[in-house]
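Everything below belongs to data_24.pdb, which stores PDB, C-alpha atoms.
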ATOM      1  CA  MET O 352      13.519 -29.976  43.393  1.00  0.00           C
ATOM      2  CA  ARG O 353      13.405 -32.304  46.338  1.00  0.00           C
ATOM      3  CA  LYS O 354      10.319 -32.979  48.389  1.00  0.00           C
ATOM      4  CA  ILE O 355      10.778 -31.772  51.953  1.00  0.00           C
ATOM      5  CA  ASP O 356       9.294 -34.035  54.629  1.00  0.00           C
ATOM      6  CA  ILE O 357       8.177 -31.389  57.117  1.00  0.00           C
ATOM      7  CA  SER O 358       7.707 -33.991  59.867  1.00  0.00           C
ATOM      8  CA  LYS O 359      11.503 -34.355  59.940  1.00  0.00           C
ATOM      9  CA  LEU O 360      12.267 -30.667  60.514  1.00  0.00           C
ATOM     10  CA  THR O 361      12.400 -31.339  64.271  1.00  0.00           C
ATOM     11  CA  GLN O 362      12.580 -34.369  66.520  1.00  0.00           C
ATOM     12  CA  LYS O 363      10.930 -32.680  69.489  1.00  0.00           C
ATOM     13  CA  TYR O 364       7.711 -31.123  68.183  1.00  0.00           C
ATOM     14  CA  LYS O 365       4.801 -32.008  65.968  1.00  0.00           C
ATOM     15  CA  VAL O 366       5.013 -30.193  62.646  1.00  0.00           C
ATOM     16  CA  ARG O 367       2.222 -29.726  60.133  1.00  0.00           C
ATOM     17  CA  GLY O 368       1.423 -27.525  57.192  1.00  0.00           C
ATOM     18  CA  MET O 369      -0.600 -24.437  58.050  1.00  0.00           C
ATOM     19  CA  THR O 370      -3.770 -23.560  56.158  1.00  0.00           C
ATOM     20  CA  GLU O 371      -6.327 -20.759  56.119  1.00  0.00           C
ATOM     21  CA  SER O 372      -8.101 -22.457  59.033  1.00  0.00           C
ATOM     22  CA  ASP O 373      -4.953 -21.748  61.124  1.00  0.00           C
ATOM     23  CA  ILE O 374      -4.876 -17.994  60.482  1.00  0.00           C
ATOM     24  CA  GLY O 375      -6.226 -17.242  63.979  1.00  0.00           C
ATOM     25  CA  LEU O 376      -3.495 -19.330  65.634  1.00  0.00           C
ATOM     26  CA  ILE O 377      -0.780 -17.681  63.554  1.00  0.00           C
ATOM     27  CA  TYR O 378      -2.217 -14.228  64.221  1.00  0.00           C
ATOM     28  CA  ASP O 379      -2.199 -14.813  67.995  1.00  0.00           C
ATOM     29  CA  LEU O 380       1.428 -15.991  67.866  1.00  0.00           C
ATOM     30  CA  CYS O 381       2.405 -12.922  65.810  1.00  0.00           C
ATOM     31  CA  LEU O 382       0.568 -10.509  68.114  1.00  0.00           C
ATOM     32  CA  GLY O 383       2.674 -11.745  71.016  1.00  0.00           C
ATOM     33  CA  ASN O 384       5.876 -10.671  69.235  1.00  0.00           C
ATOM     34  CA  GLY O 385       5.494  -6.910  69.332  1.00  0.00           C
ATOM     35  CA  GLN O 386       9.240  -6.253  69.183  1.00  0.00           C
ATOM     36  CA  TYR O 387       9.498  -7.870  65.757  1.00  0.00           C
ATOM     37  CA  TYR O 388       6.776  -5.605  64.400  1.00  0.00           C
ATOM     38  CA  GLU O 389       8.431  -2.474  65.816  1.00  0.00           C
ATOM     39  CA  TYR O 390      11.084  -2.945  63.124  1.00  0.00           C
ATOM     40  CA  CYS O 391       8.856  -4.321  60.396  1.00  0.00           C
ATOM     41  CA  ALA O 392       6.983  -2.050  58.021  1.00  0.00           C
ATOM     42  CA  LYS O 393       3.863  -4.216  58.386  1.00  0.00           C
ATOM     43  CA  GLN O 394       1.682  -4.995  61.374  1.00  0.00           C
ATOM     44  CA  PRO O 395       0.184  -8.461  61.781  1.00  0.00           C
ATOM     45  CA  SER O 396      -3.248  -8.899  60.249  1.00  0.00           C
ATOM     46  CA  THR O 397      -5.337 -11.826  59.166  1.00  0.00           C
ATOM     47  CA  GLU O 398      -5.165 -10.545  55.565  1.00  0.00           C
ATOM     48  CA  LEU O 399      -1.362 -10.411  55.640  1.00  0.00           C
ATOM     49  CA  ILE O 400      -1.167 -13.929  57.091  1.00  0.00           C
ATOM     50  CA  LYS O 401      -3.587 -15.238  54.462  1.00  0.00           C
ATOM     51  CA  ASP O 402      -1.327 -13.805  51.743  1.00  0.00           C
ATOM     52  CA  ASP O 403       1.819 -15.151  53.432  1.00  0.00           C
ATOM     53  CA  LEU O 404       0.421 -18.681  53.345  1.00  0.00           C
ATOM     54  CA  THR O 405       0.661 -18.756  49.547  1.00  0.00           C
ATOM     55  CA  VAL O 406       2.924 -15.924  48.335  1.00  0.00           C
ATOM     56  CA  THR O 407       6.089 -17.093  46.601  1.00  0.00           C
ATOM     57  CA  PRO O 408       9.140 -15.326  45.203  1.00  0.00           C
ATOM     58  CA  PRO O 409       9.525 -14.843  41.436  1.00  0.00           C
ATOM     59  CA  GLY O 410       9.885 -18.103  39.546  1.00  0.00           C
ATOM     60  CA  LYS O 411       8.603 -20.276  42.404  1.00  0.00           C
ATOM     61  CA  SER O 412       5.228 -21.962  42.810  1.00  0.00           C
ATOM     62  CA  THR O 413       3.247 -22.979  45.865  1.00  0.00           C
ATOM     63  CA  SER O 414       4.554 -26.525  45.397  1.00  0.00           C
ATOM     64  CA  ASP O 415       7.984 -25.157  46.411  1.00  0.00           C
ATOM     65  CA  LYS O 416       6.614 -23.487  49.559  1.00  0.00           C
ATOM     66  CA  TYR O 417       6.235 -24.942  53.041  1.00  0.00           C
ATOM     67  CA  TYR O 418       4.426 -22.786  55.596  1.00  0.00           C
ATOM     68  CA  VAL O 419       4.531 -24.917  58.707  1.00  0.00           C
ATOM     69  CA  GLY O 420       3.622 -24.764  62.363  1.00  0.00           C
ATOM     70  CA  PHE O 421       5.507 -26.347  65.239  1.00  0.00           C
ATOM     71  CA  PHE O 422       3.288 -27.610  68.041  1.00  0.00           C
ATOM     72  CA  ASP O 423       4.036 -28.541  71.642  1.00  0.00           C
ATOM     73  CA  ARG O 424       1.107 -30.829  72.338  1.00  0.00           C
ATOM     74  CA  GLU O 425      -1.727 -28.762  70.805  1.00  0.00           C
ATOM     75  CA  LYS O 426      -0.139 -25.314  71.266  1.00  0.00           C
ATOM     76  CA  LEU O 427       1.406 -23.510  68.292  1.00  0.00           C
ATOM     77  CA  ILE O 428       4.877 -22.427  69.407  1.00  0.00           C
ATOM     78  CA  ALA O 429       6.539 -21.458  66.105  1.00  0.00           C
ATOM     79  CA  VAL O 430       5.897 -20.879  62.429  1.00  0.00           C
ATOM     80  CA  LEU O 431       8.268 -21.254  59.498  1.00  0.00           C
ATOM     81  CA  ASP O 432       7.928 -20.203  55.863  1.00  0.00           C
ATOM     82  CA  LEU O 433      10.427 -22.199  53.795  1.00  0.00           C
ATOM     83  CA  ILE O 434      11.015 -22.056  50.036  1.00  0.00           C
ATOM     84  CA  ASP O 435      12.711 -24.982  48.264  1.00  0.00           C
ATOM     85  CA  GLY O 436      15.317 -24.013  45.680  1.00  0.00           C
ATOM     86  CA  TYR O 437      15.346 -20.243  46.002  1.00  0.00           C
ATOM     87  CA  PRO O 438      17.092 -18.365  44.570  1.00  0.00           C
ATOM     88  CA  GLU O 439      18.618 -21.500  43.021  1.00  0.00           C
ATOM     89  CA  ASP O 440      18.605 -25.252  43.429  1.00  0.00           C
ATOM     90  CA  GLY O 441      20.408 -26.399  46.564  1.00  0.00           C
ATOM     91  CA  ILE O 442      19.404 -23.340  48.577  1.00  0.00           C
ATOM     92  CA  ALA O 443      16.480 -23.233  50.999  1.00  0.00           C
ATOM     93  CA  PHE O 444      15.103 -19.775  51.758  1.00  0.00           C
ATOM     94  CA  ILE O 445      13.506 -18.961  55.101  1.00  0.00           C
ATOM     95  CA  GLY O 446      10.911 -16.289  54.403  1.00  0.00           C
ATOM     96  CA  PHE O 447       9.667 -16.128  57.996  1.00  0.00           C
ATOM     97  CA  PHE O 448      10.442 -17.782  61.311  1.00  0.00           C
ATOM     98  CA  MET O 449       8.767 -16.774  64.539  1.00  0.00           C
ATOM     99  CA  LEU O 450       8.853 -18.380  67.947  1.00  0.00           C
ATOM    100  CA  ALA O 451       6.159 -17.715  70.548  1.00  0.00           C
ATOM    101  CA  LYS O 452       7.283 -14.907  72.850  1.00  0.00           C
ATOM    102  CA  GLU O 453       6.976 -17.026  76.004  1.00  0.00           C
ATOM    103  CA  ARG O 454       9.386 -19.599  74.499  1.00  0.00           C
ATOM    104  CA  GLN O 455      12.102 -17.080  73.590  1.00  0.00           C
ATOM    105  CA  GLY O 456      15.344 -16.685  75.518  1.00  0.00           C
ATOM    106  CA  GLN O 457      15.587 -20.392  76.398  1.00  0.00           C
ATOM    107  CA  GLY O 458      17.639 -21.623  73.436  1.00  0.00           C
ATOM    108  CA  LEU O 459      14.595 -23.221  71.816  1.00  0.00           C
ATOM    109  CA  GLY O 460      14.719 -21.094  68.651  1.00  0.00           C
ATOM    110  CA  SER O 461      18.388 -21.944  68.134  1.00  0.00           C
ATOM    111  CA  LEU O 462      17.669 -25.629  68.702  1.00  0.00           C
ATOM    112  CA  MET O 463      14.880 -25.525  66.115  1.00  0.00           C
ATOM    113  CA  VAL O 464      17.058 -23.721  63.563  1.00  0.00           C
ATOM    114  CA  THR O 465      19.844 -26.277  64.124  1.00  0.00           C
ATOM    115  CA  GLU O 466      17.422 -29.172  63.610  1.00  0.00           C
ATOM    116  CA  ILE O 467      15.941 -27.544  60.496  1.00  0.00           C
ATOM    117  CA  CYS O 468      19.396 -26.931  59.003  1.00  0.00           C
ATOM    118  CA  ASP O 469      20.570 -30.455  59.859  1.00  0.00           C
ATOM    119  CA  TYR O 470      17.539 -31.946  58.121  1.00  0.00           C
ATOM    120  CA  LEU O 471      17.938 -29.701  55.061  1.00  0.00           C
ATOM    121  CA  LYS O 472      21.587 -30.737  54.774  1.00  0.00           C
ATOM    122  CA  SER O 473      20.607 -34.418  55.036  1.00  0.00           C
ATOM    123  CA  VAL O 474      18.339 -34.098  51.985  1.00  0.00           C
ATOM    124  CA  GLY O 475      20.913 -32.328  49.847  1.00  0.00           C
ATOM    125  CA  PHE O 476      20.639 -28.605  50.502  1.00  0.00           C
ATOM    126  CA  THR O 477      23.991 -26.810  50.647  1.00  0.00           C
ATOM    127  CA  LYS O 478      22.885 -23.408  51.960  1.00  0.00           C
ATOM    128  CA  VAL O 479      20.069 -21.628  53.761  1.00  0.00           C
ATOM    129  CA  ARG O 480      19.332 -17.958  53.078  1.00  0.00           C
ATOM    130  CA  LEU O 481      17.058 -15.402  54.682  1.00  0.00           C
ATOM    131  CA  GLY O 482      16.485 -11.688  55.074  1.00  0.00           C
ATOM    132  CA  ILE O 483      16.985  -9.866  58.376  1.00  0.00           C
ATOM    133  CA  ASP O 484      15.529  -6.439  59.158  1.00  0.00           C
ATOM    134  CA  LYS O 485      18.711  -4.375  59.472  1.00  0.00           C
ATOM    135  CA  ASP O 486      17.438  -2.276  62.368  1.00  0.00           C
ATOM    136  CA  ASN O 487      16.089  -5.171  64.475  1.00  0.00           C
ATOM    137  CA  PRO O 488      18.787  -5.968  67.056  1.00  0.00           C
ATOM    138  CA  GLN O 489      17.018  -9.117  68.301  1.00  0.00           C
ATOM    139  CA  SER O 490      16.800 -10.673  64.810  1.00  0.00           C
ATOM    140  CA  ASN O 491      20.353  -9.634  63.939  1.00  0.00           C
ATOM    141  CA  HIS O 492      21.742 -11.238  67.073  1.00  0.00           C
ATOM    142  CA  PHE O 493      19.659 -14.415  66.719  1.00  0.00           C
ATOM    143  CA  TRP O 494      20.567 -15.196  63.125  1.00  0.00           C
ATOM    144  CA  LYS O 495      24.256 -14.287  63.494  1.00  0.00           C
ATOM    145  CA  LYS O 496      24.446 -16.436  66.653  1.00  0.00           C
ATOM    146  CA  ASN O 497      23.050 -19.301  64.569  1.00  0.00           C
ATOM    147  CA  GLY O 498      25.788 -19.055  61.956  1.00  0.00           C
ATOM    148  CA  PHE O 499      24.203 -16.835  59.313  1.00  0.00           C
ATOM    149  CA  ALA O 500      26.602 -14.370  57.689  1.00  0.00           C
ATOM    150  CA  VAL O 501      25.439 -11.197  55.956  1.00  0.00           C
ATOM    151  CA  LEU O 502      26.053 -11.267  52.207  1.00  0.00           C
ATOM    152  CA  LYS O 503      24.753  -7.802  51.363  1.00  0.00           C
ATOM    153  CA  GLU O 504      22.249  -5.090  52.168  1.00  0.00           C
ATOM    154  CA  VAL O 505      19.095  -4.879  50.084  1.00  0.00           C
ATOM    155  CA  VAL O 506      17.305  -1.529  50.077  1.00  0.00           C
ATOM    156  CA  LYS O 507      13.541  -1.894  49.789  1.00  0.00           C
ATOM    157  CA  ASP O 508      10.662   0.583  49.900  1.00  0.00           C
ATOM    158  CA  ASP O 509       9.914  -0.449  53.495  1.00  0.00           C
ATOM    159  CA  GLY O 510      13.481  -0.529  54.854  1.00  0.00           C
ATOM    160  CA  VAL O 511      16.821  -2.250  54.550  1.00  0.00           C
ATOM    161  CA  LEU O 512      17.146  -6.027  54.660  1.00  0.00           C
ATOM    162  CA  LEU O 513      20.338  -7.904  55.285  1.00  0.00           C
ATOM    163  CA  LEU O 514      20.554 -10.907  52.997  1.00  0.00           C
ATOM    164  CA  ALA O 515      22.201 -13.598  55.122  1.00  0.00           C
ATOM    165  CA  GLU O 516      23.333 -17.130  54.402  1.00  0.00           C
ATOM    166  CA  LYS O 517      24.535 -20.217  56.220  1.00  0.00           C
ATOM    167  CA  THR O 518      26.526 -22.933  54.504  1.00  0.00           C
ATOM    168  CA  LEU O 519      25.338 -26.373  55.540  1.00  0.00           C
TER     169      LEU O 519
END
Show me, as structure tokens, the structure contained in the file I just sent.
Amino acid sequence: MRKIDISKLTQKYKVRGMTESDIGLIYDLCLGNGQYYEYCAKQPSTELIKDDLTVTPPGKSTSDKYYVGFFDREKLIAVLDLIDGYPEDGIAFIGFFMLAKERQGQGLGSLMVTEICDYLKSVGFTKVRLGIDKDNPQSNHFWKKNGFAVLKEVVKDDGVLLLAEKTL
């Protein structure tokens, strides 16, 4: 596995790892994105965020996980959950990406995703994968617009996810 330097995920914003002391900031950002949660089986809660800070997929440890915040001055404007080498080496998996509601619709999310992908490519990743809630038109449009192609549908207890991938 490679060590990701989170400070290089973007040139424009300050990036730092998020901890339990940031749960309130993350919760406030999530609360502002009601549309996302209309299509998600879970509602934002401090307990869910606390779990998300450390939960990893099978076979991965917390040393492979980067849960980071993007800050414009001192304001949290986005969060990203990134897993190194999942489901295999050379692939980065985005478990969660959310941009503050007031920053959406301005091209900022696409710019951030482009910068993130460019950095990941520069350190040797060949692909980025993620899951999209099938019924969420906003997420579907955003990720497809940013070059992610659907590989397959994954039926889960809480809905259908589209497994999507972008070759770097």
Q. Pick the closest to Leu514 (chain O) from O:Thr465, O:Pro438, O:Phe448, O:Arg454: which is it, counting all atoms listed in the file?
A. O:Pro438
Q. On this structure, which residues satisfy the PyMOL selection byres ((chain O and resi 378) around 10), written as a PyMOL selection string?
A. chain O and resi 373-377+379-383+395-401
**Q.** Separation of CA of Gln455 (chain O) from CA of Ser490 (chain O), in Å and rounded to one decimal
**A.**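 Interatomic distance here is 11.8 Å.
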Q: Evaluate the PyMOL selection byres ((chain O and resi 480) around 10) here and jot the selected residues down as a ChimeraX atom specification.
A: /O:433-434,437-438,442-446,478-479,481-483,499-502,514-518
Q. Do you have the CA of Leu431 (chain O)-CA of Gly460 (chain O) distance handy?
A.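 CA of Gly460 (chain O) lies at a distance of 11.2 Å from CA of Leu431 (chain O).
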Q) For the file shown, what are the residues hit by the PyMOL selection byres ((chain O and resi 510) around 8), laid out as a PyMOL selection string? A) chain O and resi 392+484-485+506-509+511-512
